[in-house]
Structures are given as structure tokens and as C-alpha cells.
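File shown here: final.txt, holding compact mmCIF, C-alpha atoms.
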# COMPACT_ATOMS: atom_id res chain seq x y z
CA MET N 22 98.96 92.36 124.28
CA SER N 23 97.07 95.24 122.74
CA THR N 24 98.99 98.20 124.17
CA TYR N 25 102.10 97.54 122.13
CA LEU N 26 101.95 101.02 120.64
CA GLY N 27 101.41 104.22 122.52
CA THR N 28 99.19 105.25 119.62
CA ILE N 29 97.18 102.66 117.76
CA ILE N 30 96.43 103.75 114.22
CA LEU N 31 92.76 104.21 113.55
CA SER N 32 92.79 102.03 110.46
CA GLY N 33 94.83 99.28 112.09
CA TRP N 34 92.12 96.82 113.03
CA ALA N 35 90.37 97.22 109.69
CA SER N 36 93.60 96.62 107.82
CA VAL N 37 94.20 93.46 109.81
CA ALA N 38 90.76 92.13 108.97
CA VAL N 39 91.00 92.62 105.21
CA ALA N 40 94.66 91.70 104.57
CA GLN N 41 94.92 89.07 101.85
CA ALA N 42 97.65 86.75 100.65
CA ALA N 43 98.13 84.57 97.59
CA PRO N 44 96.32 81.21 97.83
CA ILE N 45 98.37 78.15 98.74
CA PRO N 46 98.68 75.58 95.90
CA PRO N 47 96.52 72.47 96.61
CA ALA N 48 99.48 70.07 96.77
CA VAL N 49 101.27 72.30 99.28
CA LYS N 50 98.09 72.72 101.34
CA ALA N 51 97.63 68.95 101.42
CA ARG N 52 101.19 68.55 102.68
CA ILE N 53 100.62 71.15 105.41
CA ASP N 54 97.39 69.41 106.44
CA ARG N 55 99.25 66.10 106.80
CA ILE N 56 101.91 67.71 108.98
CA LEU N 57 99.36 69.43 111.24
CA LYS N 58 97.33 66.24 111.56
CA ALA N 59 100.40 64.37 112.78
CA THR N 60 101.67 67.13 115.11
CA PRO N 61 99.47 69.71 116.85
CA LEU N 62 100.13 73.30 115.83
CA ILE N 63 100.73 75.05 119.17
CA ASP N 64 100.77 78.85 119.28
CA GLY N 65 102.55 80.45 122.23
CA HIS N 66 100.50 83.59 122.72
CA ASN N 67 97.01 84.87 121.91
CA ASP N 68 95.43 87.83 123.73
CA LEU N 69 91.77 86.99 123.10
CA PRO N 70 90.93 86.96 126.85
CA GLU N 71 92.11 90.56 127.16
CA GLN N 72 90.08 91.60 124.12
CA LEU N 73 86.97 89.92 125.51
CA ARG N 74 87.47 91.76 128.80
CA ASP N 75 88.09 95.15 127.19
CA CYS N 76 85.49 95.14 124.42
CA CYS N 77 82.88 92.61 125.48
CA ASP N 78 82.55 92.72 129.29
CA SER N 79 84.31 89.33 129.43
CA LYS N 80 81.46 87.66 127.53
CA VAL N 81 82.55 84.56 125.63
CA GLU N 82 79.49 84.22 123.41
CA GLY N 83 79.46 85.00 119.68
CA LEU N 84 82.84 83.50 118.77
CA ALA N 85 81.59 80.62 116.66
CA ARG N 86 82.52 82.55 113.51
CA ASP N 87 82.80 85.98 111.92
CA SER N 88 84.43 87.69 114.89
CA ASP N 89 86.04 90.09 112.43
CA LYS N 90 82.58 91.53 111.76
CA ARG N 91 82.47 93.27 115.17
CA PRO N 92 82.96 97.06 115.48
CA LYS N 93 86.46 96.22 116.74
CA PRO N 94 87.21 93.05 114.79
CA LEU N 95 88.81 90.13 116.56
CA MET N 96 91.52 87.99 115.03
CA THR N 97 90.21 84.82 116.67
CA ASP N 98 87.05 82.72 116.42
CA MET N 99 86.27 79.02 116.37
CA ALA N 100 85.85 78.71 112.61
CA ARG N 101 89.18 80.36 111.85
CA LEU N 102 91.00 78.37 114.56
CA HIS N 103 90.05 75.21 112.70
CA ALA N 104 90.79 76.73 109.30
CA GLY N 105 94.29 77.61 110.48
CA GLY N 106 94.96 74.07 111.65
CA MET N 107 95.37 75.05 115.29
CA GLY N 108 95.96 72.17 117.68
CA GLY N 109 96.89 74.00 120.88
CA GLN N 110 96.71 77.62 121.99
CA PHE N 111 98.32 79.33 124.95
CA TRP N 112 95.79 82.02 125.88
CA SER N 113 97.42 85.01 127.56
CA VAL N 114 95.86 86.07 130.86
CA TYR N 115 97.40 89.52 130.76
CA ILE N 116 96.84 92.44 133.14
CA PRO N 117 98.65 95.82 132.91
CA SER N 118 101.98 96.26 134.68
CA GLU N 119 100.46 99.12 136.69
CA VAL N 120 98.15 96.66 138.49
CA THR N 121 100.01 95.20 141.45
CA GLY N 122 99.44 93.61 144.85
CA ASP N 123 96.24 91.78 145.72
CA MET N 124 94.41 93.42 142.81
CA ALA N 125 96.87 91.83 140.39
CA ILE N 126 96.07 88.38 141.78
CA ARG N 127 92.33 89.08 141.62
CA GLU N 128 92.42 90.27 138.00
CA THR N 129 94.62 87.35 136.97
CA LEU N 130 92.09 84.95 138.50
CA GLU N 131 89.32 86.66 136.53
CA GLN N 132 91.29 86.17 133.30
CA ILE N 133 92.01 82.51 134.10
CA ASP N 134 88.31 82.04 134.79
CA LEU N 135 87.52 83.58 131.40
CA VAL N 136 89.66 80.93 129.63
CA HIS N 137 87.85 78.15 131.48
CA ARG N 138 84.49 79.69 130.56
CA LEU N 139 85.61 79.97 126.94
CA CYS N 140 86.31 76.24 126.84
CA ALA N 141 83.00 75.44 128.54
CA ALA N 142 81.12 77.57 125.99
CA TYR N 143 82.62 75.75 122.99
CA PRO N 144 83.04 72.09 124.03
CA ARG N 145 83.02 70.89 120.40
CA ASP N 146 85.91 73.18 119.53
CA LEU N 147 88.00 73.61 122.69
CA ALA N 148 89.19 71.63 125.70
CA MET N 149 91.46 72.56 128.60
CA ALA N 150 94.97 71.09 128.66
CA VAL N 151 97.75 71.24 131.23
CA THR N 152 100.26 68.57 130.15
CA ALA N 153 101.81 67.63 126.82
CA ASP N 154 99.78 64.41 126.81
CA ASP N 155 96.61 66.51 127.30
CA VAL N 156 97.50 68.52 124.18
CA VAL N 157 98.04 65.39 122.10
CA ARG N 158 94.79 63.82 123.34
CA VAL N 159 92.71 66.94 122.64
CA HIS N 160 94.30 67.37 119.22
CA LYS N 161 93.41 63.79 118.27
CA SER N 162 89.79 64.53 119.20
CA GLY N 163 89.69 67.30 116.56
CA ARG N 164 89.55 70.11 119.11
CA VAL N 165 91.97 72.88 120.11
CA ALA N 166 93.83 72.34 123.37
CA CYS N 167 93.52 75.41 125.60
CA LEU N 168 96.60 76.31 127.65
CA ILE N 169 97.17 79.37 129.82
CA GLY N 170 100.06 81.81 129.93
CA ILE N 171 100.48 84.51 132.59
CA GLU N 172 102.02 87.57 130.90
CA GLY N 173 103.98 89.21 133.66
CA GLY N 174 105.67 88.39 136.95
CA HIS N 175 103.90 91.34 138.59
CA GLN N 176 100.77 89.17 138.50
CA ILE N 177 101.97 87.00 141.41
CA ALA N 178 102.31 90.04 143.72
CA ASN N 179 105.67 88.75 145.05
CA ASN N 180 103.94 85.69 146.49
CA LEU N 181 105.05 82.14 145.74
CA ALA N 182 101.64 80.84 146.80
CA ALA N 183 100.20 82.62 143.76
CA ILE N 184 102.50 80.61 141.49
CA ARG N 185 101.30 77.37 143.05
CA GLN N 186 97.62 78.27 142.82
CA PHE N 187 97.86 79.66 139.28
CA ARG N 188 99.51 76.40 138.24
CA ALA N 189 96.76 74.42 139.99
CA LEU N 190 94.24 76.38 137.88
CA GLY N 191 96.03 75.42 134.67
CA ALA N 192 98.64 78.12 134.05
CA GLY N 193 101.35 76.60 131.86
CA TYR N 194 103.85 79.46 131.76
CA MET N 195 104.61 82.85 133.25
CA THR N 196 106.43 85.66 131.45
CA LEU N 197 108.89 86.98 134.03
CA THR N 198 108.16 90.65 133.22
CA HIS N 199 105.96 92.72 130.97
CA PHE N 200 106.66 96.26 129.72
CA LYS N 201 108.00 97.41 133.09
CA ASN N 202 110.50 96.03 135.58
CA ASN N 203 109.00 94.35 138.59
CA ASP N 204 110.51 93.97 142.05
CA TRP N 205 112.70 91.04 141.04
CA ALA N 206 113.38 91.12 137.27
CA ASP N 207 114.21 93.65 134.54
CA SER N 208 112.10 94.19 131.44
CA ALA N 209 113.44 94.69 127.92
CA THR N 210 111.50 97.95 127.63
CA ASP N 211 112.43 99.61 130.92
CA ASP N 212 115.71 101.06 132.22
CA PRO N 213 117.65 98.35 134.08
CA VAL N 214 117.44 98.28 137.87
CA HIS N 215 118.35 94.74 138.88
CA HIS N 216 120.58 93.97 135.87
CA GLY N 217 118.90 90.60 135.58
CA LEU N 218 117.28 88.78 138.50
CA THR N 219 117.31 89.36 142.24
CA ASP N 220 117.68 86.49 144.70
CA PHE N 221 113.90 86.38 144.97
CA GLY N 222 113.69 86.23 141.17
CA ARG N 223 115.82 83.10 141.22
CA THR N 224 113.53 81.71 143.93
CA VAL N 225 110.56 82.38 141.64
CA ILE N 226 112.20 80.37 138.86
CA ALA N 227 112.98 77.52 141.26
CA GLU N 228 109.33 77.38 142.32
CA MET N 229 108.14 77.50 138.70
CA ASN N 230 110.45 74.57 137.95
CA ARG N 231 109.13 72.70 140.99
CA VAL N 232 105.48 72.97 139.94
CA GLY N 233 106.09 72.48 136.22
CA MET N 234 105.35 76.02 135.04
CA LEU N 235 107.38 77.09 132.01
CA VAL N 236 109.64 80.13 132.35
CA ASP N 237 108.78 82.58 129.54
CA LEU N 238 111.48 85.08 128.58
CA SER N 239 109.59 87.21 126.09
CA HIS N 240 109.53 90.83 127.34
CA VAL N 241 112.59 90.45 129.62
CA SER N 242 115.94 92.19 129.25
CA PRO N 243 118.95 90.33 127.82
CA ASP N 244 120.53 90.27 131.29
CA THR N 245 117.36 88.71 132.68
CA MET N 246 117.37 86.16 129.85
CA ARG N 247 120.92 85.12 130.70
CA ALA N 248 120.25 85.03 134.44
CA ALA N 249 117.13 82.92 133.96
CA LEU N 250 118.92 80.48 131.67
CA ALA N 251 121.61 80.09 134.35
CA ALA N 252 119.03 79.54 137.10
CA THR N 253 116.43 77.26 135.53
CA LYS N 254 116.53 73.47 135.61
CA ALA N 255 113.93 73.17 132.85
CA PRO N 256 113.86 74.46 129.26
CA VAL N 257 112.51 77.97 128.78
CA ILE N 258 110.26 79.45 126.12
CA PHE N 259 110.02 82.82 124.44
CA SER N 260 106.27 82.79 123.87
CA HIS N 261 106.14 85.62 121.30
CA SER N 262 109.49 87.06 120.23
CA GLY N 263 111.67 87.66 117.18
CA ALA N 264 115.39 87.65 116.40
CA ARG N 265 117.52 90.75 116.98
CA GLY N 266 119.84 89.61 114.24
CA VAL N 267 117.04 90.35 111.75
CA ASN N 268 115.58 93.42 113.47
CA ASP N 269 117.31 95.15 116.38
CA HIS N 270 114.22 95.65 118.55
CA PRO N 271 114.52 95.42 122.37
CA ARG N 272 111.77 92.79 122.47
CA ASN N 273 113.73 90.41 120.24
CA VAL N 274 116.27 87.77 121.29
CA PRO N 275 119.98 88.62 120.93
CA ASP N 276 122.29 86.27 119.05
CA ASP N 277 124.31 85.28 122.11
CA VAL N 278 121.13 84.19 123.90
CA LEU N 279 120.02 82.16 120.87
CA LYS N 280 123.36 80.34 121.03
CA LEU N 281 122.63 79.38 124.66
CA LEU N 282 119.32 77.69 123.81
CA PRO N 283 120.62 74.28 122.67
CA ALA N 284 122.20 73.64 126.08
CA ASN N 285 118.97 74.64 127.81
CA GLY N 286 116.60 72.96 125.34
CA GLY N 287 114.31 76.00 125.06
CA VAL N 288 112.21 77.38 122.19
CA VAL N 289 111.78 80.83 120.62
CA MET N 290 108.20 81.19 119.32
CA VAL N 291 108.27 83.78 116.55
CA ASN N 292 105.46 86.35 116.48
CA PHE N 293 103.56 88.19 113.75
CA TYR N 294 103.88 91.83 114.88
CA PRO N 295 105.51 94.11 112.26
CA GLY N 296 106.87 96.34 115.03
CA HIS N 297 109.14 93.49 116.13
CA LEU N 298 109.79 91.98 112.73
CA SER N 299 110.33 94.94 110.42
CA ALA N 300 112.80 97.82 110.63
CA ASP N 301 110.77 99.65 107.97
CA TYR N 302 107.61 99.42 110.06
CA GLY N 303 109.53 100.51 113.16
CA ARG N 304 110.81 103.66 111.46
CA TRP N 305 107.36 104.48 110.10
CA SER N 306 105.75 103.98 113.52
CA SER N 307 108.35 106.20 115.23
CA GLU N 308 107.89 108.94 112.65
CA ARG N 309 104.13 108.79 113.07
CA ASP N 310 104.43 108.99 116.85
CA ALA N 311 106.71 112.01 116.47
CA GLU N 312 104.23 113.71 114.15
CA GLU N 313 101.40 113.06 116.58
CA ALA N 314 103.45 114.51 119.46
CA ARG N 315 104.22 117.55 117.31
CA GLY N 316 100.53 118.11 116.68
CA LYS N 317 99.70 117.87 120.36
CA SER N 318 102.28 120.54 121.06
CA LEU N 319 101.27 122.86 118.23
CA TRP N 320 97.49 122.58 118.47
CA GLN N 321 96.62 122.20 122.12
CA GLY N 322 92.89 122.29 122.70
CA GLN N 323 92.21 121.82 118.96
CA PRO N 324 91.46 118.10 118.50
CA GLU N 325 89.83 118.62 115.11
CA ARG N 326 92.92 120.33 113.75
CA ARG N 327 95.17 117.60 115.15
CA ALA N 328 92.99 114.91 113.59
CA ALA N 329 93.03 116.63 110.20
CA ALA N 330 96.82 116.98 110.33
CA MET N 331 97.27 113.30 111.13
CA LYS N 332 94.88 112.33 108.34
CA ASN N 333 97.01 114.31 105.90
CA TRP N 334 100.20 112.77 107.27
CA ASP N 335 98.79 109.25 106.94
CA ALA N 336 97.77 109.94 103.35
CA GLY N 337 101.32 110.92 102.47
CA HIS N 338 103.03 108.21 104.53
CA PRO N 339 101.29 104.86 103.99
CA MET N 340 102.07 102.12 106.46
CA PRO N 341 104.72 99.78 105.00
CA LYS N 342 103.59 96.25 104.33
CA THR N 343 105.21 93.34 106.13
CA PRO N 344 105.26 90.09 104.11
CA VAL N 345 105.11 86.52 105.42
CA SER N 346 108.66 86.08 104.13
CA LEU N 347 109.91 88.28 106.98
CA VAL N 348 108.39 85.91 109.56
CA ALA N 349 110.27 83.12 107.81
CA ASP N 350 113.47 85.19 107.96
CA HIS N 351 113.17 85.44 111.75
CA ILE N 352 112.42 81.73 112.03
CA GLU N 353 115.44 80.83 109.92
CA TRP N 354 117.70 83.15 111.93
CA VAL N 355 116.71 81.29 115.10
CA VAL N 356 117.40 78.01 113.31
CA LYS N 357 120.79 79.24 112.06
CA LEU N 358 122.01 80.03 115.59
CA ALA N 359 120.06 77.55 117.75
CA GLY N 360 118.86 74.79 115.42
CA HIS N 361 115.56 73.35 114.23
CA ASP N 362 114.84 71.97 117.71
CA HIS N 363 114.50 75.44 119.21
CA VAL N 364 111.90 77.36 117.19
CA GLY N 365 108.12 77.64 117.26
CA LEU N 366 105.26 80.07 116.59
CA GLY N 367 103.67 82.63 118.92
CA GLY N 368 101.62 84.98 116.79
CA ASP N 369 100.48 87.42 119.51
CA LEU N 370 97.17 87.73 117.68
CA ASP N 371 94.46 89.85 119.27
CA GLY N 372 97.28 91.61 121.10
CA ILE N 373 98.65 93.65 118.21
CA PRO N 374 97.15 96.55 116.21
CA VAL N 375 98.48 95.34 112.84
CA ALA N 376 99.87 92.06 111.58
CA VAL N 377 101.88 90.58 108.76
CA GLU N 378 100.05 90.34 105.43
CA GLY N 379 97.75 87.31 105.55
CA LEU N 380 98.44 86.64 109.23
CA GLY N 381 95.83 88.96 110.70
CA GLY N 382 93.68 86.04 111.85
CA VAL N 383 94.17 82.59 113.32
CA ASP N 384 93.43 81.06 109.93
CA GLY N 385 96.70 82.39 108.49
CA TYR N 386 99.26 79.93 109.93
CA PRO N 387 99.42 77.73 106.79
CA LEU N 388 100.96 80.70 104.95
CA VAL N 389 104.05 80.46 107.17
CA PHE N 390 104.41 76.75 106.45
CA ALA N 391 103.92 77.34 102.73
CA GLU N 392 106.73 79.91 102.72
CA LEU N 393 109.07 77.54 104.53
CA ILE N 394 108.16 74.72 102.17
CA ARG N 395 109.09 77.03 99.32
CA ARG N 396 112.47 77.43 101.04
CA GLY N 397 113.00 73.69 101.18
CA TRP N 398 112.05 72.75 104.75
CA SER N 399 111.43 69.06 105.46
CA ASP N 400 108.24 67.67 106.97
CA ALA N 401 110.18 66.67 110.09
CA ASP N 402 111.47 70.20 110.69
CA LEU N 403 108.05 71.72 109.97
CA GLY N 404 106.56 69.37 112.56
CA LYS N 405 109.10 70.58 115.12
CA LEU N 406 108.18 74.19 114.34
CA ALA N 407 104.45 73.46 114.53
CA GLY N 408 104.42 71.99 117.99
CA GLY N 409 106.92 69.18 118.34
CA ASN N 410 109.48 71.42 120.01
CA VAL N 411 106.94 72.85 122.45
CA LEU N 412 105.68 69.39 123.40
CA ARG N 413 109.28 68.36 124.10
CA VAL N 414 109.79 71.42 126.32
CA MET N 415 106.55 70.75 128.19
CA ARG N 416 107.53 67.13 128.81
CA ALA N 417 110.96 68.19 130.04
CA ALA N 418 109.42 70.68 132.48
CA GLU N 419 107.00 68.01 133.68
CA ALA N 420 109.95 65.66 134.29
CA VAL N 421 111.80 68.32 136.30
CA ALA N 422 108.65 68.90 138.39
CA ARG N 423 108.28 65.17 139.10
CA GLY N 424 111.80 65.11 140.47
CA SER N 425 111.43 68.24 142.58
CA VAL N 426 111.18 68.47 146.34
CA ALA N 427 108.46 70.52 148.05
CA PRO N 428 109.71 73.82 149.60
CA ALA N 429 110.45 73.90 153.32
CA GLN N 430 108.14 76.91 153.80
CA ALA N 431 104.79 76.08 152.27
CA GLY N 432 103.59 79.68 152.42
CA ALA N 433 106.79 81.32 151.23
CA ALA N 434 106.19 84.87 150.02
CA GLY N 435 108.00 88.15 149.55
CA HIS N 436 111.72 88.77 149.16

Hey, can you dump this file as C-alpha cells for me?
Amino acid sequence: MSTYLGTIILSGWASVAVAQAAPIPPAVKARIDRILKATPLIDGHNDLPEQLRDCCDSKVEGLARDSDKRPKPLMTDMARLHAGGMGGQFWSVYIPSEVTGDMAIRETLEQIDLVHRLCAAYPRDLAMAVTADDVVRVHKSGRVACLIGIEGGHQIANNLAAIRQFRALGAGYMTLTHFKNNDWADSATDDPVHHGLTDFGRTVIAEMNRVGMLVDLSHVSPDTMRAALAATKAPVIFSHSGARGVNDHPRNVPDDVLKLLPANGGVVMVNFYPGHLSADYGRWSSERDAEEARGKSLWQGQPERRAAAMKNWDAGHPMPKTPVSLVADHIEWVVKLAGHDHVGLGGDLDGIPVAVEGLGGVDGYPLVFAELIRRGWSDADLGKLAGGNVLRVMRAAEAVARGSVAPAQAGAAGH
């Protein structure tokens, strides 16, 4: 989501909108089109609902095309979804970690409602989907299947009834934590408290399994990843993560966890955020944050002087570029340790201030496939990456849910 950086660079959104990449050769493009016609391209995470809430009063109009022409350009619109070959999109219904209790449930419902309204506003382009068969059916109709992902366990307010009702409204996955720990699970970007999951956290996973909601381990600590993999009966996903073996960022998946995925059947969906992918970008971002903090200390009450100093710093320290090849490096690292059956794509578009070159909009996905084709990937493995692996995970979770038994306490809540 869009608060990945404490400070978002002023030129970030503009740079995303204008980033260009070399054109794909016609024969390669035709091959990609054949693959994406046979298998829906399913992205694990897009924060458009949050952007519509924050910049547009939750209005869904005006997304037919040219959303990058807005004062704060969007990475997503209907025309570019089709241009990118999208077949299914998990829309994130994110709310900040600071929002808890009944307000968290209310705001999550508002975000879920926004996704439904988005589909209703563009019936020729979008259709709601809950099951794997729904995704396949919608894809065959030439539309994009709309799925829902809840981006933080705090959004259920420690209430299992919320899980059941969110699932009834179409939620396909829940990320166990966001930036902060919650009462029952540790986040990757917070100091550990539970060292994994509490007993209630394991109960949450059991209920998610029972209703067919995917367990998403992006944002959680390595201990929480391991605990969740031990607890779940269904395959997990990482809806928008990278590989720590390529870049040692706390939001990425460690090698030992990747090696556990084949036994579980889960999928790591690699994202497009340079902060997770690139060590060079990470160093640059940290240095810029340090310079900004220095200015705030030196020139308190002098915003003009601080702004001028940062402008000079930016001129002398250009943001490093992140090429599509680095996305492919993360994908291939996942494949090396877990196999071709356990990788997918989760761009995190409209939730990041900058993106990989050429991947700053939902029309950029073919560039990833072109890079992997250059590296010798087969059509079968590209189809798994596109959406075949995610469809398999969804079907497995649906099978687990069909075999589940209803809980003894229908209103179970709390710890």
C-alpha cells in the first residue's frame, strides 16, 4: 500500500507515469498473448481501492482510460488492464494498522463495497470472482476477474465472525499482519512480541481454512511464516513479496521458508517495488531519509530552506533505476529454491511510490514475460507463473473448505 516509505519523493508518481522500456518484438508478444489467452494472468495485490479512497472520495468513475493524467496519476485503469493482459486481480482492501476495533471492521466493509462498486461501474471490463472456476469463466468472457484481499489481520478486530462475513462478501485472502504486530501475530517490520503466532492466531488460520480464505504471509515475520505453514491445512500465498536471497529486506521471504513451500503447495507472488527488489535503491532511500531528518533538525521552522536543501540533494543523488531483469532475478530465485509450481506475480501497483522501469502501470506485465522468455522459460512454466499456480492454490483451499467442519461456537471471538 502507499505508505511504504516514510517520505515519498515528490517526483515519484511522475517518474512512474513516464517510465519507458524497450518494445517487445512482435513474435515474442504474440507468444505472450497466446500464453495469457490460455491461462489468466492473476496479480496478487493492487491498491487501487485505497487510492480511490484517498484521492477521489471513493469515486469509481473516470477509470476507463488515462488515469495517469490525474494530478496524482494512477497506475491502473481499464484500458491498461486489458493492454497488460490481466485476467484476474486481487484488489487490496487495506486500512492502516492504527485503525482497530469496530472502526477497522467498518472501514474494511467500506473498502470491500468500493470493489463491488468498481465492478458494477465497468461491467464490460470487470466481474466479481470468488472461486478459481469464477476466474476462469470471467477470463474466457474477455473481462478481468475481480478478487479481494484483506491486507492485515487487525482488520478483523480479533473477531472470527468478521472472517466469516468478509469471506461471504468475497474476500479471497487475508494478510496476517501489516506493518505492525497485531494481538496474535508478528509483523516483519515490527519488533517481535509473539515470536510467531499466538493460540488465537492459530485459531484464525483454522477458521480461514474452514471458510476457504487464503492465508497471505506477505508482511509477516519469518517466525510467523514458519508458524503459519505449520498450522495451515491449505496452501498459503505471499501476495506481494520478493526473495531475501536476492535482496535482504525484511519484507522478503527467507531461503529456508522458500524451501518449505513445496510441501505446503504455496506461491510467492513477486512484486515490482524497488525498495524490496533492489539493494541500490534501498541504500539511496535510506540516505535520502537521513538527509531529510538532518534538515528537519538543522532548519526547524524553515520549510523553504529544508525544501531547497532537499532539491539540491536530489540533484546530486539521482534515484537509481531498477530494471525488469531484477524482477526476473527474484522470480528465478524462488524457482531455484521452491520450483516453478510456487511462483507468481503481485505487483503492488497503486501502493508504491516508484516502480521498476516499464512496470509503473498495469500494462507492463508482458515485459516480465519477455525477459523470462529471453532467459529460456517454457510456455508451460510461464503459464504457471501467470496464474496457473494461483488457480491451483485456490482450488486446494476450496477443497480444504469443503472438507471442513463448522466450529462449535458459531460466534467465536477474542482470544

Protein, DNA and RNA residues within 10 Å of (96.6, 75.5, 124.1), only C-alpha atoms, as a PyMOL selection string: chain N and resi 61-67+107-112+147-153+155-156+159-160+165-170+193

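Shortest atom-to-atom contact with N:Asn179 among N:Thr196, N:Gln132, N:Ser208, N:Thr121: N:Thr121, counting only C-alpha atoms.
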
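Interatomic distance, atom CA of N:Ile352 to atom CA of N:Gly233: 26.7 Å.
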
One-decimal distance in Å that lies between atom CA of N:Arg86 and atom CA of N:Gly372: 18.9 Å

Counting only C-alpha atoms, the option among N:His363, N:Lys342, N:Arg101, N:Arg91 closest to N:Leu73: N:Arg91

9 Å contact set for N:Gly385, only C-alpha atoms, chain neighbours under 3 positions out, as a PyMOL selection string: chain N and resi 101+104-105+379-382+388-389

Straight-line distance linking atom CA of N:Leu279 with atom CA of N:His240, stated in Å to one decimal: 15.1 Å

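Here the question is which of N:Ala251, N:Leu281, N:Val81, N:Ala311 gets nearest to N:Arg138 using only C-alpha atoms, and that residue is N:Val81.
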
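The list of residues within 12 Å of (115.5, 87.3, 144.2), counted using all atoms listed in the file, is Asn179, Asn180, Leu181, Asn203, Asp204, Trp205, Ala206, Asp207, His215, His216, Gly217, Leu218, Thr219, Asp220, Phe221, Gly222, Arg223, Thr224, Val225, Ile226, Ala227, Glu228, Thr245, Ala248, Ala249, Ala252, Ala434, Gly435 and His436 of chain N.
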
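Residues in contact with N:Val114 at up to 10 Å, not including ones fewer than 6 positions away on its chain and judged by all atoms listed in the file, are Met22, His66, Asn67, Asp68, Leu69, Pro70, Glu71, Glu128, Thr129, Leu130, Glu131, Gln132, Ile133, Asp134, Leu135, Val136, Ile169, Gly170, Ile171, Glu172, Gly173, Gln176, Ala192 and Met195 of chain N.
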
N:Ala336 environment, 12 Å, all atoms listed in the file, sequence neighbours closer than 5 positions dropped, as number ranges by chain: N: 32, 309, 329-331

For N:Ser262: contacts at 6 Å, all atoms listed in the file, fewer than 5 positions along chain excluded, given as a VMD selection string: chain N and resid 239 273 291 to 292

Writer output for current selection, C-alpha atoms, as a PDB file, in the coordinates of the input:
ATOM      1  CA  SER N 239     109.590  87.210 126.090  1.00  0.00           C
ATOM      2  CA  ASN N 273     113.730  90.410 120.240  1.00  0.00           C
ATOM      3  CA  VAL N 291     108.270  83.780 116.550  1.00  0.00           C
ATOM      4  CA  ASN N 292     105.460  86.350 116.480  1.00  0.00           C
TER       5      ASN N 292
END

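When all atoms listed in the file are used to measure the gap to N:Leu366, the shortest distance among N:His338, N:His261, N:Arg52, N:His137 belongs to N:His261.
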
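With all atoms listed in the file as the atoms that count, the minimum distance from N:Phe200 to the choices N:Ala141, N:Leu406, N:Ala182, N:Ile116 is reached by N:Ile116.
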
Spatial neighbours of N:Asp301, 7 Å, all atoms listed in the file, chain gap at least 3 places, as a PyMOL selection string: chain N and resi 304-305+341

Restricted to C-alpha atoms, what would the selected residues look like written as an mmCIF file, in the coordinates of the input?
data_model
loop_
_atom_site.group_PDB
_atom_site.id
_atom_site.type_symbol
_atom_site.label_atom_id
_atom_site.label_comp_id
_atom_site.auth_asym_id
_atom_site.auth_seq_id
_atom_site.Cartn_x
_atom_site.Cartn_y
_atom_site.Cartn_z
ATOM 1 C CA ARG N 304 110.810 103.660 111.460
ATOM 2 C CA TRP N 305 107.360 104.480 110.100
ATOM 3 C CA PRO N 341 104.720 99.780 105.000
#

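Among N:Ile126, N:Cys140, N:Ala418, N:Val348, the residue with the shortest atom-to-atom distance to N:Ile184, counting all atoms listed in the file, is N:Ile126.
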
Could you rebuild stretch 403-408 of chain N with all heavy atoms and give me the result as a PDB file, in the coordinates of the input?
ATOM      1  N   LEU N 403     109.304  70.968 109.860  1.00  0.00           N
ATOM      2  CA  LEU N 403     108.050  71.720 109.970  1.00  0.00           C
ATOM      3  C   LEU N 403     107.215  71.213 111.138  1.00  0.00           C
ATOM      4  O   LEU N 403     106.549  71.995 111.818  1.00  0.00           O
ATOM      5  CB  LEU N 403     107.262  71.608 108.661  1.00  0.00           C
ATOM      6  CG  LEU N 403     107.873  72.351 107.466  1.00  0.00           C
ATOM      7  CD1 LEU N 403     107.184  71.931 106.174  1.00  0.00           C
ATOM      8  CD2 LEU N 403     107.765  73.866 107.655  1.00  0.00           C
ATOM      9  N   GLY N 404     107.264  69.915 111.400  1.00  0.00           N
ATOM     10  CA  GLY N 404     106.560  69.370 112.560  1.00  0.00           C
ATOM     11  C   GLY N 404     107.139  69.868 113.868  1.00  0.00           C
ATOM     12  O   GLY N 404     106.411  70.146 114.824  1.00  0.00           O
ATOM     13  N   LYS N 405     108.470  70.008 113.923  1.00  0.00           N
ATOM     14  CA  LYS N 405     109.100  70.580 115.120  1.00  0.00           C
ATOM     15  C   LYS N 405     108.637  72.013 115.340  1.00  0.00           C
ATOM     16  O   LYS N 405     108.318  72.417 116.462  1.00  0.00           O
ATOM     17  CB  LYS N 405     110.619  70.532 114.986  1.00  0.00           C
ATOM     18  CG  LYS N 405     111.223  69.147 115.015  1.00  0.00           C
ATOM     19  CD  LYS N 405     112.736  69.205 114.807  1.00  0.00           C
ATOM     20  CE  LYS N 405     113.361  67.826 114.810  1.00  0.00           C
ATOM     21  NZ  LYS N 405     114.825  67.879 114.605  1.00  0.00           N
ATOM     22  N   LEU N 406     108.632  72.802 114.253  1.00  0.00           N
ATOM     23  CA  LEU N 406     108.180  74.190 114.340  1.00  0.00           C
ATOM     24  C   LEU N 406     106.728  74.258 114.790  1.00  0.00           C
ATOM     25  O   LEU N 406     106.365  75.085 115.644  1.00  0.00           O
ATOM     26  CB  LEU N 406     108.327  74.861 112.969  1.00  0.00           C
ATOM     27  CG  LEU N 406     107.713  76.254 112.831  1.00  0.00           C
ATOM     28  CD1 LEU N 406     108.582  77.301 113.519  1.00  0.00           C
ATOM     29  CD2 LEU N 406     107.529  76.616 111.350  1.00  0.00           C
ATOM     30  N   ALA N 407     105.886  73.403 114.250  1.00  0.00           N
ATOM     31  CA  ALA N 407     104.450  73.460 114.530  1.00  0.00           C
ATOM     32  C   ALA N 407     104.159  73.272 116.010  1.00  0.00           C
ATOM     33  O   ALA N 407     103.405  74.054 116.608  1.00  0.00           O
ATOM     34  CB  ALA N 407     103.725  72.397 113.710  1.00  0.00           C
ATOM     35  N   GLY N 408     104.729  72.250 116.589  1.00  0.00           N
ATOM     36  CA  GLY N 408     104.420  71.990 117.990  1.00  0.00           C
ATOM     37  C   GLY N 408     105.296  70.931 118.618  1.00  0.00           C
ATOM     38  O   GLY N 408     105.299  70.766 119.843  1.00  0.00           O
TER      39      GLY N 408
END
